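Take a look at the structure set out below.
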Amino acid sequence: MPDSQPQPPRRDEAPEDTTSLLLCGARLTDGRTVDVRLGRGRIEAVGTAGSLTAHAARVDLDGYLLLPAPAEPHAHGDTALSAAIDGPVSYDVPEVQRRTTEAALLQLGHGATAQRSHVRVGDVVGLGSLEAVLQARRSLRGLADLTAVAMPRLLTGTAGADGLAMLRDAVKMGAGVVGGCPDLDPDPTGYVEAVLELAAEHGCPVDLHTDGDDPTRLTRLAAMAGGLRPGVAVGPCGGLGRAPAEVASRTADALAAAGVSVVCLPQGDCGALARRGTATAPVRLLRAAGVRVAAGSGALRDAANPVGRGDPLEAAYLLAAQHGLAPDEAYEAVSAAGRETLGLPEVRVEAGFPAELLAVRGDCLAGALSLAYSRIVVHRGRVVARTSAVREYCDSAVAVALDLPRQGRAKSTGPS
C-alpha cells in the first residue's frame with residue numbers, strides 16, 4: 001500500500017509505463033535550465049538544455065519551473081463538491097464515487113499525484129462511502145494514487161463496539177489507513193488506544209483528526225503513538241495555536257520525539273471537526289521543534305468550506321503569505337513533507353528518483369506560488385494533466401512599452 005512499507009503491486013494498480021518522455025528546457029529552482037529524460041516511471045537522466053536525446057515524446061518546458069509533484073495528505077472525497085446540493089447530501093455509492101473521482105481529478109490538475117482521502121464509516125453511511133472511494137481509486141489508476149482513511153464516529157463504550165467492528169471491516173475491504181476524530185468520542189484517550197491497537201495489528205498507518213485544543217491530551221497521544229510504524233499523523237491542530245507559547249512548545253517537543261507528523265490546513269478546517277476552530281497550527285513553532293509539518297487542503301467545496309479549491313500550491317502560498325515561511329519551506333510542506341507523511345519515496349529532479357513532477361509557468365518558486373496558472377503534471381513518467389492559461393493585453397502603448405509577459409501553451413511533439 002502506498003502509505004506504508006513497500007508492497008507488491010495491487011491488482012488494481014496501473015502497469016508500469018515503459019515509454020520514454022523528454023522534458024526540454026525546464027528551469028529548476030537553483031536557476032539551471034535542463035532537459036529531463038523519463039522512463040519506466042523514473043527520472044533516467046538530467047542534463048544541460050539540448051544535451052539529451054531520446055526516441056520519445058518531447059514536451060517543451062521553456063518558461064516553466066520544474067518541481068517535485070505535491071501530495072495531498074488531507075482530502076475528503078466523500079463530501080467534496082456537495083456544498084451546492086439542495087437538500088440532504090446523497091451518500092449512495094454511485095454519487096459518492098462520482099464526487100470522489102471528480103475531486104481527485106481536480107486535485108490532480110493542481111499537481112497532486114498522490115492523495116489521501118478521509119472517509120466516514122459507520123452510522124448511516126456504513127461502509128458504502130468507503131466502497132465508493134475504493135471504486136474511485138481503481139478508476140483513477142495510472143492517473144493518481146488515491147488512498148482511503150477509514151474514519152469511525154465512536155470507538156469506546158457500548159456505542160463504540162459497532163464502530164470498532166466497522167473499522168476492522170474497513171481495513172479488510174482495502175482502507176490503507178485508520179483514523180477518525182477522537183475529539184468527538186466521550187473517551188478520546190480510549191479512542192486513540194483502539195485505533196493504535198488495530199493499526200499495530202494490521203500494520204497500517206494512523207491519521208487522526210484533532211483540533212489539538214487540549215495540549216495535555218495531544219502530548220499523551222504522542223507518548224502512546226511513539227515508535228508505531230509505518231507512522232502516525234495528526235491534524236489540523238489549530239487549537240495548539242491558541243495555547244500559551246510555552247505549553248505549545250512542550251507539546252511540539254513531544255510530537256517531534258514521537259515522530260508524529262502534523263498535517264495543517266491553511267485553507268480552513270474540515271467538516272470532521274464540526275467547525276470547532278479555524279486557527280492554523282503554529283507551523284513555525286512545530287518546525288523549529290523538529291516536527292514534520294505537511295499541509296493539506298481539507299474541504300473542497302463542501303459544507304465546511306463552500307469555496308475550497310483543493311490546491312496544494314494555494315496551501316503553500318498561505319504558509320508563505322500568512323505564516324512567515326520562505327517559499328521553499330512552504331512548498332516543502334506540500335511536496336516532500338506531504339509525501340513523507342504518506343509514506344511515499346522522496347522525489348528530486350535527479351536521476352533515479354520517481355518521475356512525479358509538476359511544471360508550473362514561472363521563473364522562480366515565489367512567482368510560481370503567486371501566479372500558478374499554467375501547469376503540467378507528470379505521474380509515473382507520463383503527462384496526466386495539463387492546465388493552460390493565456391494572458392493577453394489589449395494593443396495599448398503601455399503594454400507594448402513594458403513588454404508585459406504573456407502566458408501561453410507549452411509546445412509538445414508526439415503523444416504525451
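The chains in the C-alpha cells are called A, B, ... from first to last as shown; in each chain the residues are counted from 1, and the ligands are counted from 1 in the order shown.
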Per residue of segment 264-359 of chain A within 12 Å of segment 36-40 of chain A, which atom pair is closest and at what distance in Å (one decimal), using only C-alpha atoms, listed by chain and increasing number, as JSON lines?
{"residue": "A:Arg348", "atom": "CA", "partner": "A:Val36", "partner_atom": "CA", "distance": 11.7}
{"residue": "A:Val349", "atom": "CA", "partner": "A:Val36", "partner_atom": "CA", "distance": 8.1}
{"residue": "A:Glu350", "atom": "CA", "partner": "A:Val36", "partner_atom": "CA", "distance": 8.5}
{"residue": "A:Ala351", "atom": "CA", "partner": "A:Val36", "partner_atom": "CA", "distance": 8.6}
{"residue": "A:Gly352", "atom": "CA", "partner": "A:Leu38", "partner_atom": "CA", "distance": 9.6}
{"residue": "A:Phe353", "atom": "CA", "partner": "A:Leu38", "partner_atom": "CA", "distance": 9.9}
{"residue": "A:Pro354", "atom": "CA", "partner": "A:Leu38", "partner_atom": "CA", "distance": 9.1}
{"residue": "A:Ala355", "atom": "CA", "partner": "A:Leu38", "partner_atom": "CA", "distance": 6.7}
{"residue": "A:Glu356", "atom": "CA", "partner": "A:Leu38", "partner_atom": "CA", "distance": 10.1}
{"residue": "A:Leu357", "atom": "CA", "partner": "A:Leu38", "partner_atom": "CA", "distance": 10.5}
{"residue": "A:Ala359", "atom": "CA", "partner": "A:Val36", "partner_atom": "CA", "distance": 11.8}
Store the residues picked out above in a file with N, CA and C atoms, as a PDB file, in the first residue's frame.
ATOM      1  N   ARG A 348      13.173  13.978  -6.159  1.00  0.00           N
ATOM      2  CA  ARG A 348      14.034  15.100  -6.537  1.00  0.00           C
ATOM      3  C   ARG A 348      14.148  15.097  -8.055  1.00  0.00           C
ATOM      4  N   VAL A 349      14.468  16.238  -8.620  1.00  0.00           N
ATOM      5  CA  VAL A 349      14.693  16.288 -10.066  1.00  0.00           C
ATOM      6  C   VAL A 349      16.130  15.864 -10.315  1.00  0.00           C
ATOM      7  N   GLU A 350      16.357  14.583 -10.085  1.00  0.00           N
ATOM      8  CA  GLU A 350      17.665  13.968 -10.256  1.00  0.00           C
ATOM      9  C   GLU A 350      17.462  12.549 -10.766  1.00  0.00           C
ATOM     10  N   ALA A 351      18.461  12.034 -11.441  1.00  0.00           N
ATOM     11  CA  ALA A 351      18.379  10.684 -11.988  1.00  0.00           C
ATOM     12  C   ALA A 351      18.137   9.666 -10.875  1.00  0.00           C
ATOM     13  N   GLY A 352      17.249   8.719 -11.153  1.00  0.00           N
ATOM     14  CA  GLY A 352      16.960   7.641 -10.222  1.00  0.00           C
ATOM     15  C   GLY A 352      15.744   7.840  -9.368  1.00  0.00           C
ATOM     16  N   PHE A 353      15.225   9.074  -9.295  1.00  0.00           N
ATOM     17  CA  PHE A 353      14.074   9.356  -8.444  1.00  0.00           C
ATOM     18  C   PHE A 353      12.767   9.137  -9.214  1.00  0.00           C
ATOM     19  N   PRO A 354      11.669   8.907  -8.497  1.00  0.00           N
ATOM     20  CA  PRO A 354      10.378   8.704  -9.168  1.00  0.00           C
ATOM     21  C   PRO A 354      10.008   9.909 -10.024  1.00  0.00           C
ATOM     22  N   ALA A 355       9.414   9.627 -11.177  1.00  0.00           N
ATOM     23  CA  ALA A 355       9.001  10.690 -12.105  1.00  0.00           C
ATOM     24  C   ALA A 355       7.616  11.186 -11.719  1.00  0.00           C
ATOM     25  N   GLU A 356       7.563  11.852 -10.557  1.00  0.00           N
ATOM     26  CA  GLU A 356       6.353  12.514 -10.052  1.00  0.00           C
ATOM     27  C   GLU A 356       6.673  13.997 -10.039  1.00  0.00           C
ATOM     28  N   LEU A 357       6.216  14.729 -11.051  1.00  0.00           N
ATOM     29  CA  LEU A 357       6.708  16.080 -11.283  1.00  0.00           C
ATOM     30  C   LEU A 357       5.573  17.036 -11.592  1.00  0.00           C
ATOM     31  N   ALA A 359       5.257  20.868 -13.509  1.00  0.00           N
ATOM     32  CA  ALA A 359       5.835  22.025 -14.197  1.00  0.00           C
ATOM     33  C   ALA A 359       4.846  23.180 -14.087  1.00  0.00           C
TER      34      ALA A 359
END
What are the nearest atom pairs, with distances in Å to one decimal, for all residues of segment 297-349 of chain A that come at most 10 Å from segment 225-238 of chain A, using only C-alpha atoms, set out by chain and rising residue number as JSON lines?
{"residue": "A:Gly298", "atom": "CA", "partner": "A:Pro236", "partner_atom": "CA", "distance": 9.0}
{"residue": "A:Glu340", "atom": "CA", "partner": "A:Gly231", "partner_atom": "CA", "distance": 9.8}
{"residue": "A:Thr341", "atom": "CA", "partner": "A:Ala233", "partner_atom": "CA", "distance": 7.1}
{"residue": "A:Leu342", "atom": "CA", "partner": "A:Gly231", "partner_atom": "CA", "distance": 8.7}
{"residue": "A:Gly343", "atom": "CA", "partner": "A:Pro230", "partner_atom": "CA", "distance": 7.4}
Please compute the atom CA of His323 of chain A-atom CA of Val283 of chain A distance, one decimal, in Å.
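That distance, rounded to one decimal, is 7.2 Å.
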Which of these residues is nearest to Ser297 of chain A, using only C-alpha atoms: A:Arg339, A:Arg138, A:Arg116, A:Arg361?
A:Arg116
Smallest atom-to-atom distance to Ala132 of chain A: which of A:Gly109, A:Thr147, A:Gly180, A:Asp78, using only C-alpha atoms?
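Answer, going by the shortest atom-to-atom distance: A:Asp78.
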According to DSSP computed on the backbone, where in segment 241-285 of chain A is there alpha helix (DSSP H)? Give the residues as an MDAnalysis selection string.
chainID A and resid 245:258 283:285
Rank nothing, just name the residue among A:Leu65, A:Ala83, A:Val59, A:Val263 nearest to Gly367 of chain A, using only C-alpha atoms.
A:Leu65
Which segment 105-186 of chain A residues have any atom within 12 Å of an atom of segment 330-337 of chain A, and for each, what is the nearest pair of atoms with distance in Å to one decimal, counting only C-alpha atoms, rows sorted by chain and number, as CSV?
residue,atom,partner,partner_atom,distance
A:His110,CA,A:Val334,CA,11.8
A:Gly111,CA,A:Ser335,CA,9.9
A:Ala112,CA,A:Ser335,CA,8.8
A:Thr113,CA,A:Ser335,CA,10.3
A:Ala114,CA,A:Ser335,CA,10.0
A:Gln115,CA,A:Val334,CA,11.2
Create the file for the chosen residues now, containing C-alpha atoms and written as a PDB file, in the first residue's frame.
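Output saved as again-v9.pdb:
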ATOM      1  CA  HIS A 110      -3.416  21.173  -9.481  1.00  0.00           C
ATOM      2  CA  GLY A 111      -0.471  18.763  -9.290  1.00  0.00           C
ATOM      3  CA  ALA A 112      -1.286  16.287  -6.505  1.00  0.00           C
ATOM      4  CA  THR A 113      -0.333  12.905  -7.943  1.00  0.00           C
ATOM      5  CA  ALA A 114      -0.758  11.207  -4.542  1.00  0.00           C
ATOM      6  CA  GLN A 115      -3.825  11.834  -2.399  1.00  0.00           C
TER       7      GLN A 115
END
Would you mind telling me which residue in A:Ile376, A:Leu265, A:Ala258, A:Val347 lies nearest to Val360 of chain A when using only C-alpha atoms?
A:Ile376
Mind giving me the straight-line distance from atom CA of Ala175 of chain A to atom CA of Cys264 of chain A in Å, one decimal?
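Atom-to-atom, atom CA of Ala175 of chain A to atom CA of Cys264 of chain A, that is 22.2 Å.
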Residues of segment 54-275 of chain A classed as strand (DSSP E) by DSSP on the backbone are to be reported as a PyMOL selection string.
chain A and resi 57-60+64-68+71-75+114-121+145-152+177-180+206-210+232-236+261-264
